[in-house]
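Only one structure is covered here, and it is reproduced in the block below.
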Amino acid sequence: MRIHYTRQIYKDVARAINPKGKYWPFDTLFTYSFIGGSMFQRDYVRKGIQRILDEVPGLRIVEEMGDNPGLIRISFNVADGSWSYVGTDCLAVSSWLPTMNIGWYDQEEQSNVVHEWLHALNFSHEHIRGINFDKPKVYAAFKEIGWGKSEVDNNLFHYQEHHYDETPMDVDSIMKYYIPCEWTVDGENCGYQNKVLSIGDINRLREMFPDQKLKDLKAYTINNIIKKLNENT
Ligand SMILES: [Zn+2]
C-alpha cells in the first residue's frame, strides 16, 4: 500500500474523464430553471453554480427568469438523491422534466450542486478508473442503500462500451466519490472526501470553456444546439 504524504497538485494540468460524443459547444449559454424548490433550496443551487463560475470565466450559466424551461432543469425531490444527466444527454429529456435533482444540502460547500453540474457539463465519475475495487464488497455495501448491480456498475466501474477522453486519475477531483479503502484490493487512491473543485477539474473546465468575450457569443436555443451538434458530426 502506498502512503499519501501530501495531496497531489497537478499544476496547469487538466484532469478529468469526459464521455466522447456528449460535449456541448464551447460557447453554449447554459440556462437553468427550477422545478419547485423553496427559496433556501434555490439559493443553495445558485451558490453552488457561482462556485464554478468563479473559477471558469469562459463558462456562461444564467438563470431563466421567465416561464421558459432552462436547458438544465433542477428539481428537489429529497427521496431521489442527487443526480444529473451527463452532457448533451440533457437535450433528450422532455422539457417539463428535470435534468438534475438536488436531494440533500451540505450548506458549507454546496458540493453536490458542483458535482451534479460537472456531470451536466459532461464530466464522468473520476473513480471509474484508477481504483482496483473489491467488487463484491462494493455491491454488498451499496445493496444496503438500495442500489442494484447496474446502478453500481454505472456509477463506480469503468463502462467498457462507453468511450471517454481521460487523463490519469485525479484523486482530488470533486467527481471522485469517497471510496473507503476496504472497498479496494490494494488501498490505492482510496479515501479523500472531496468537496471542492480540484486544480485538475478547474483546468479541464477552462479548456472546455475557454475565456471569451461575451458580446461575440450567441445564446443558443435548444434546437440551435441540436442543429450545431448535428453539423459537427
Ligand atoms: Zn455523480
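If you're wondering about the labels, chains in the C-alpha cells are A, B, ... by order shown, residues count from 1 in each chain, ligands from 1 in order shown.
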
Produce a table with one row for each residue of chain A that has an atom at most 12 Å from any atom of ligand 1, each row naming the nearest atom pair and its distance in Å at one decimal; use only C-alpha atoms and all ligand atoms; arrange rows by chain and rising residue number; format as a tab-separated table.
residue	atom	partner	partner_atom_place_in_ligand_line	distance
A:Gly81	CA	ligand 1	1 (Zn)	10.5
A:Ser82	CA	ligand 1	1 (Zn)	7.9
A:Trp83	CA	ligand 1	1 (Zn)	6.3
A:Ser84	CA	ligand 1	1 (Zn)	7.4
A:Tyr85	CA	ligand 1	1 (Zn)	9.4
A:Val86	CA	ligand 1	1 (Zn)	9.3
A:Met100	CA	ligand 1	1 (Zn)	10.8
A:Asn101	CA	ligand 1	1 (Zn)	11.2
A:Ile102	CA	ligand 1	1 (Zn)	11.4
A:Ser111	CA	ligand 1	1 (Zn)	10.8
A:Asn112	CA	ligand 1	1 (Zn)	8.3
A:Val113	CA	ligand 1	1 (Zn)	10.1
A:Val114	CA	ligand 1	1 (Zn)	9.9
A:His115	CA	ligand 1	1 (Zn)	6.2
A:Glu116	CA	ligand 1	1 (Zn)	6.1
A:Trp117	CA	ligand 1	1 (Zn)	9.3
A:Leu118	CA	ligand 1	1 (Zn)	8.5
A:His119	CA	ligand 1	1 (Zn)	6.6
A:Ala120	CA	ligand 1	1 (Zn)	9.9
A:Leu121	CA	ligand 1	1 (Zn)	11.9
A:Asn122	CA	ligand 1	1 (Zn)	11.0
A:Phe123	CA	ligand 1	1 (Zn)	8.8
A:Ser124	CA	ligand 1	1 (Zn)	7.1
A:His125	CA	ligand 1	1 (Zn)	5.9
A:Glu126	CA	ligand 1	1 (Zn)	9.1
A:His127	CA	ligand 1	1 (Zn)	10.2
A:Ile128	CA	ligand 1	1 (Zn)	10.9
A:Glu151	CA	ligand 1	1 (Zn)	11.4
A:Val152	CA	ligand 1	1 (Zn)	11.5
A:Asn154	CA	ligand 1	1 (Zn)	10.0
A:Asn155	CA	ligand 1	1 (Zn)	7.0
A:Leu156	CA	ligand 1	1 (Zn)	9.2
A:Ser173	CA	ligand 1	1 (Zn)	11.4
A:Ile174	CA	ligand 1	1 (Zn)	9.0
A:Met175	CA	ligand 1	1 (Zn)	6.3
A:Lys176	CA	ligand 1	1 (Zn)	8.0
A:Tyr177	CA	ligand 1	1 (Zn)	7.7
A:Tyr178	CA	ligand 1	1 (Zn)	11.3

Write the residues of the preceding selection, restricted to N, CA and C atoms, as a CSV table (one decimal), in the first residue's frame.
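Written output follows (result_38.csv):
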chain,number,residue,atom,x,y,z
A,81,GLY,N,-32.3,11.4,-4.1
A,81,GLY,CA,-30.8,11.6,-4.1
A,81,GLY,C,-30.5,12.8,-5.0
A,82,SER,N,-29.2,12.9,-5.3
A,82,SER,CA,-28.7,14.0,-6.2
A,82,SER,C,-28.2,13.3,-7.4
A,83,TRP,N,-28.6,13.8,-8.6
A,83,TRP,CA,-28.2,13.2,-9.8
A,83,TRP,C,-28.3,14.2,-11.0
A,84,SER,N,-27.7,13.9,-12.1
A,84,SER,CA,-27.8,14.7,-13.3
A,84,SER,C,-27.6,13.8,-14.5
A,85,TYR,N,-28.3,14.1,-15.6
A,85,TYR,CA,-27.9,13.6,-16.9
A,85,TYR,C,-26.5,14.1,-17.3
A,86,VAL,N,-25.8,13.4,-18.1
A,86,VAL,CA,-24.4,13.8,-18.5
A,86,VAL,C,-24.4,14.5,-19.8
A,100,MET,N,-31.8,17.4,-13.6
A,100,MET,CA,-30.9,17.3,-12.5
A,100,MET,C,-31.8,17.3,-11.2
A,101,ASN,N,-31.4,16.6,-10.2
A,101,ASN,CA,-32.1,16.6,-8.9
A,101,ASN,C,-31.1,16.9,-7.8
A,102,ILE,N,-31.5,17.8,-6.9
A,102,ILE,CA,-30.7,18.0,-5.7
A,102,ILE,C,-31.4,17.5,-4.5
A,111,SER,N,-21.4,21.1,-2.3
A,111,SER,CA,-20.6,20.2,-3.1
A,111,SER,C,-21.4,19.3,-4.0
A,112,ASN,N,-22.6,19.0,-3.6
A,112,ASN,CA,-23.4,18.1,-4.6
A,112,ASN,C,-23.9,18.9,-5.8
A,113,VAL,N,-24.1,20.2,-5.6
A,113,VAL,CA,-24.5,21.1,-6.7
A,113,VAL,C,-23.4,21.1,-7.7
A,114,VAL,N,-22.2,21.4,-7.2
A,114,VAL,CA,-21.0,21.5,-8.1
A,114,VAL,C,-20.8,20.1,-8.8
A,115,HIS,N,-20.9,19.0,-8.1
A,115,HIS,CA,-20.7,17.7,-8.7
A,115,HIS,C,-21.7,17.4,-9.8
A,116,GLU,N,-23.0,17.7,-9.5
A,116,GLU,CA,-24.0,17.4,-10.5
A,116,GLU,C,-23.9,18.3,-11.7
A,117,TRP,N,-23.5,19.6,-11.5
A,117,TRP,CA,-23.3,20.5,-12.6
A,117,TRP,C,-22.1,20.0,-13.5
A,118,LEU,N,-21.1,19.4,-12.9
A,118,LEU,CA,-20.0,18.9,-13.7
A,118,LEU,C,-20.5,17.7,-14.6
A,119,HIS,N,-21.4,16.9,-14.0
A,119,HIS,CA,-22.0,15.9,-14.9
A,119,HIS,C,-22.7,16.6,-16.0
A,120,ALA,N,-23.5,17.6,-15.7
A,120,ALA,CA,-24.3,18.3,-16.8
A,120,ALA,C,-23.3,18.8,-17.9
A,121,LEU,N,-22.1,19.3,-17.4
A,121,LEU,CA,-21.2,19.8,-18.4
A,121,LEU,C,-20.3,18.8,-19.0
A,122,ASN,N,-20.7,17.5,-18.8
A,122,ASN,CA,-20.0,16.4,-19.5
A,122,ASN,C,-18.8,15.8,-18.8
A,123,PHE,N,-18.9,15.7,-17.5
A,123,PHE,CA,-17.8,15.0,-16.7
A,123,PHE,C,-18.4,13.7,-16.2
A,124,SER,N,-17.6,12.6,-16.2
A,124,SER,CA,-18.0,11.4,-15.6
A,124,SER,C,-17.3,11.3,-14.2
A,125,HIS,N,-17.6,10.2,-13.6
A,125,HIS,CA,-17.0,10.0,-12.2
A,125,HIS,C,-15.5,9.7,-12.4
A,126,GLU,N,-14.8,10.4,-11.6
A,126,GLU,CA,-13.3,10.2,-11.7
A,126,GLU,C,-12.8,8.8,-11.2
A,127,HIS,N,-13.5,8.2,-10.3
A,127,HIS,CA,-13.1,6.9,-9.8
A,127,HIS,C,-13.4,5.7,-10.6
A,128,ILE,N,-14.0,5.9,-11.8
A,128,ILE,CA,-14.3,4.7,-12.6
A,128,ILE,C,-13.0,4.1,-13.3
A,151,GLU,N,-26.8,-0.1,-11.1
A,151,GLU,CA,-26.5,1.3,-10.6
A,151,GLU,C,-25.1,1.4,-10.1
A,152,VAL,N,-24.6,0.3,-9.5
A,152,VAL,CA,-23.2,0.3,-9.0
A,152,VAL,C,-22.3,0.3,-10.2
A,154,ASN,N,-22.8,1.4,-13.2
A,154,ASN,CA,-22.9,2.7,-13.9
A,154,ASN,C,-22.2,3.8,-13.2
A,155,ASN,N,-22.2,3.8,-11.8
A,155,ASN,CA,-21.7,4.9,-11.1
A,155,ASN,C,-20.2,4.7,-10.6
A,156,LEU,N,-19.8,3.4,-10.5
A,156,LEU,CA,-18.5,3.2,-9.9
A,156,LEU,C,-17.5,2.5,-10.8
A,173,SER,N,-10.3,15.2,-7.4
A,173,SER,CA,-11.5,15.7,-8.1
A,173,SER,C,-12.8,15.6,-7.3
A,174,ILE,N,-13.6,16.6,-7.6
A,174,ILE,CA,-15.0,16.6,-6.9
A,174,ILE,C,-15.8,15.5,-7.6
A,175,MET,N,-15.4,15.0,-8.7
A,175,MET,CA,-16.1,13.9,-9.4
A,175,MET,C,-15.7,12.5,-8.8
A,176,LYS,N,-14.9,12.5,-7.8
A,176,LYS,CA,-14.5,11.2,-7.2
A,176,LYS,C,-15.3,11.0,-5.9
A,177,TYR,N,-16.0,9.9,-5.9
A,177,TYR,CA,-16.7,9.5,-4.6
A,177,TYR,C,-15.6,9.3,-3.5
A,178,TYR,N,-16.1,9.4,-2.3
A,178,TYR,CA,-15.3,9.0,-1.2
A,178,TYR,C,-15.3,7.4,-1.3

Excluding Asp153 in chain A and its own-chain neighbours fewer than 3 positions away, which residues fall within 10 Å of it when counting only C-alpha atoms? Please give them as an mmCIF file with N, CA and C atoms, in the first residue's frame.
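Result file follows (selection-v5.cif):
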data_model
loop_
_atom_site.group_PDB
_atom_site.id
_atom_site.type_symbol
_atom_site.label_atom_id
_atom_site.label_comp_id
_atom_site.auth_asym_id
_atom_site.auth_seq_id
_atom_site.Cartn_x
_atom_site.Cartn_y
_atom_site.Cartn_z
ATOM 1 N N ILE A 128 -13.952 5.938 -11.841
ATOM 2 C CA ILE A 128 -14.262 4.741 -12.646
ATOM 3 C C ILE A 128 -12.999 4.138 -13.254
ATOM 4 N N LYS A 135 -14.903 -5.736 -5.947
ATOM 5 C CA LYS A 135 -16.280 -5.534 -6.411
ATOM 6 C C LYS A 135 -17.356 -6.178 -5.534
ATOM 7 N N VAL A 138 -18.168 -3.907 -2.781
ATOM 8 C CA VAL A 138 -18.848 -2.676 -3.205
ATOM 9 C C VAL A 138 -20.332 -2.967 -3.483
ATOM 10 N N TYR A 139 -20.598 -4.066 -4.181
ATOM 11 C CA TYR A 139 -22.006 -4.425 -4.427
ATOM 12 C C TYR A 139 -22.752 -4.593 -3.102
ATOM 13 N N TRP A 147 -29.135 0.150 -3.944
ATOM 14 C CA TRP A 147 -28.613 0.165 -5.303
ATOM 15 C C TRP A 147 -28.394 -1.262 -5.792
ATOM 16 N N GLY A 148 -28.897 -1.549 -6.975
ATOM 17 C CA GLY A 148 -28.664 -2.839 -7.613
ATOM 18 C C GLY A 148 -27.331 -2.836 -8.344
ATOM 19 N N LYS A 149 -27.019 -3.984 -8.968
ATOM 20 C CA LYS A 149 -25.737 -4.136 -9.656
ATOM 21 C C LYS A 149 -25.561 -3.101 -10.757
ATOM 22 N N SER A 150 -26.633 -2.844 -11.528
ATOM 23 C CA SER A 150 -26.476 -1.932 -12.665
ATOM 24 C C SER A 150 -26.186 -0.505 -12.196
ATOM 25 N N LEU A 156 -19.809 3.433 -10.469
ATOM 26 C CA LEU A 156 -18.492 3.206 -9.863
ATOM 27 C C LEU A 156 -17.457 2.537 -10.753
ATOM 28 N N PHE A 157 -17.907 1.775 -11.737
ATOM 29 C CA PHE A 157 -16.934 0.993 -12.502
ATOM 30 C C PHE A 157 -16.856 1.485 -13.945
ATOM 31 N N HIS A 158 -15.707 1.241 -14.536
ATOM 32 C CA HIS A 158 -15.493 1.671 -15.920
ATOM 33 C C HIS A 158 -16.416 0.893 -16.847
ATOM 34 N N TYR A 159 -17.112 1.635 -17.644
ATOM 35 C CA TYR A 159 -18.058 1.020 -18.563
ATOM 36 C C TYR A 159 -17.391 0.884 -19.925
#

*Surrounding residues of Glu108 in chain A excluding itself and chain neighbours under 3 positions, 12 Å, only C-alpha atoms, as a VMD selection string*: chain A and resid 44 47 to 48 51 105 111 to 113 195 to 196

How would the residues just picked look written out with N, CA and C atoms as a PDB file, in the first residue's frame?
ATOM      1  N   TYR A  44     -29.385  27.749  -2.549  1.00  0.00           N
ATOM      2  CA  TYR A  44     -28.323  26.752  -2.365  1.00  0.00           C
ATOM      3  C   TYR A  44     -27.738  26.369  -3.728  1.00  0.00           C
ATOM      4  N   LYS A  47     -25.704  29.283  -5.248  1.00  0.00           N
ATOM      5  CA  LYS A  47     -24.362  29.404  -4.639  1.00  0.00           C
ATOM      6  C   LYS A  47     -23.411  28.360  -5.215  1.00  0.00           C
ATOM      7  N   GLY A  48     -23.911  27.156  -5.415  1.00  0.00           N
ATOM      8  CA  GLY A  48     -23.068  26.099  -5.982  1.00  0.00           C
ATOM      9  C   GLY A  48     -22.626  26.447  -7.396  1.00  0.00           C
ATOM     10  N   ARG A  51     -19.840  28.943  -7.475  1.00  0.00           N
ATOM     11  CA  ARG A  51     -18.513  28.373  -7.172  1.00  0.00           C
ATOM     12  C   ARG A  51     -17.799  27.943  -8.453  1.00  0.00           C
ATOM     13  N   TYR A 105     -28.535  18.713   1.295  1.00  0.00           N
ATOM     14  CA  TYR A 105     -27.975  20.059   1.463  1.00  0.00           C
ATOM     15  C   TYR A 105     -26.785  20.029   2.394  1.00  0.00           C
ATOM     16  N   SER A 111     -21.403  21.077  -2.278  1.00  0.00           N
ATOM     17  CA  SER A 111     -20.576  20.169  -3.079  1.00  0.00           C
ATOM     18  C   SER A 111     -21.393  19.304  -4.029  1.00  0.00           C
ATOM     19  N   ASN A 112     -22.618  18.951  -3.639  1.00  0.00           N
ATOM     20  CA  ASN A 112     -23.407  18.122  -4.565  1.00  0.00           C
ATOM     21  C   ASN A 112     -23.890  18.935  -5.769  1.00  0.00           C
ATOM     22  N   VAL A 113     -24.133  20.221  -5.579  1.00  0.00           N
ATOM     23  CA  VAL A 113     -24.516  21.061  -6.727  1.00  0.00           C
ATOM     24  C   VAL A 113     -23.353  21.142  -7.720  1.00  0.00           C
ATOM     25  N   LYS A 195     -14.719  17.972  -1.597  1.00  0.00           N
ATOM     26  CA  LYS A 195     -15.910  18.823  -1.538  1.00  0.00           C
ATOM     27  C   LYS A 195     -15.816  20.061  -2.404  1.00  0.00           C
ATOM     28  N   VAL A 196     -14.635  20.310  -2.948  1.00  0.00           N
ATOM     29  CA  VAL A 196     -14.485  21.500  -3.806  1.00  0.00           C
ATOM     30  C   VAL A 196     -13.791  21.094  -5.108  1.00  0.00           C
TER      31      VAL A 196
END

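With only C-alpha atoms as the basis for measurement, A:Phe40 is the residue among A:Leu53, A:Val93, A:Glu64, A:Phe40 that approaches Phe76 in chain A most closely.
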
_To one decimal place in Å, what is the distance between CA of Pro19 in chain A and CA of His162 in chain A?_
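CA of His162 in chain A lies 7.1 Å from CA of Pro19 in chain A.
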
*At what distance in Å, to one decimal, does CA of Asp80 in chain A lie from CA of Trp96 in chain A?*
17.4 Å

*Pick out each residue of range 132-194 of chain A that DSSP on the backbone tags as helix (DSSP H, G or I); I need them as a ChimeraX atom specification.*
/A:135-143,149-156,181-183

*asked:* Applying 7 Å and only C-alpha atoms, which residues near Phe133 in chain A remain after dropping the ones on its own chain fewer than 3 positions away? List them as a ChimeraX atom specification.
replied: /A:183-185

Could those residues be written to a file, using C-alpha atoms, as a PDB file, in the first residue's frame?
ATOM      1  CA  TRP A 183     -13.524  -1.448  -0.904  1.00  0.00           C
ATOM      2  CA  THR A 184     -10.230  -1.759  -2.780  1.00  0.00           C
ATOM      3  CA  VAL A 185      -7.880  -4.702  -3.190  1.00  0.00           C
TER       4      VAL A 185
END
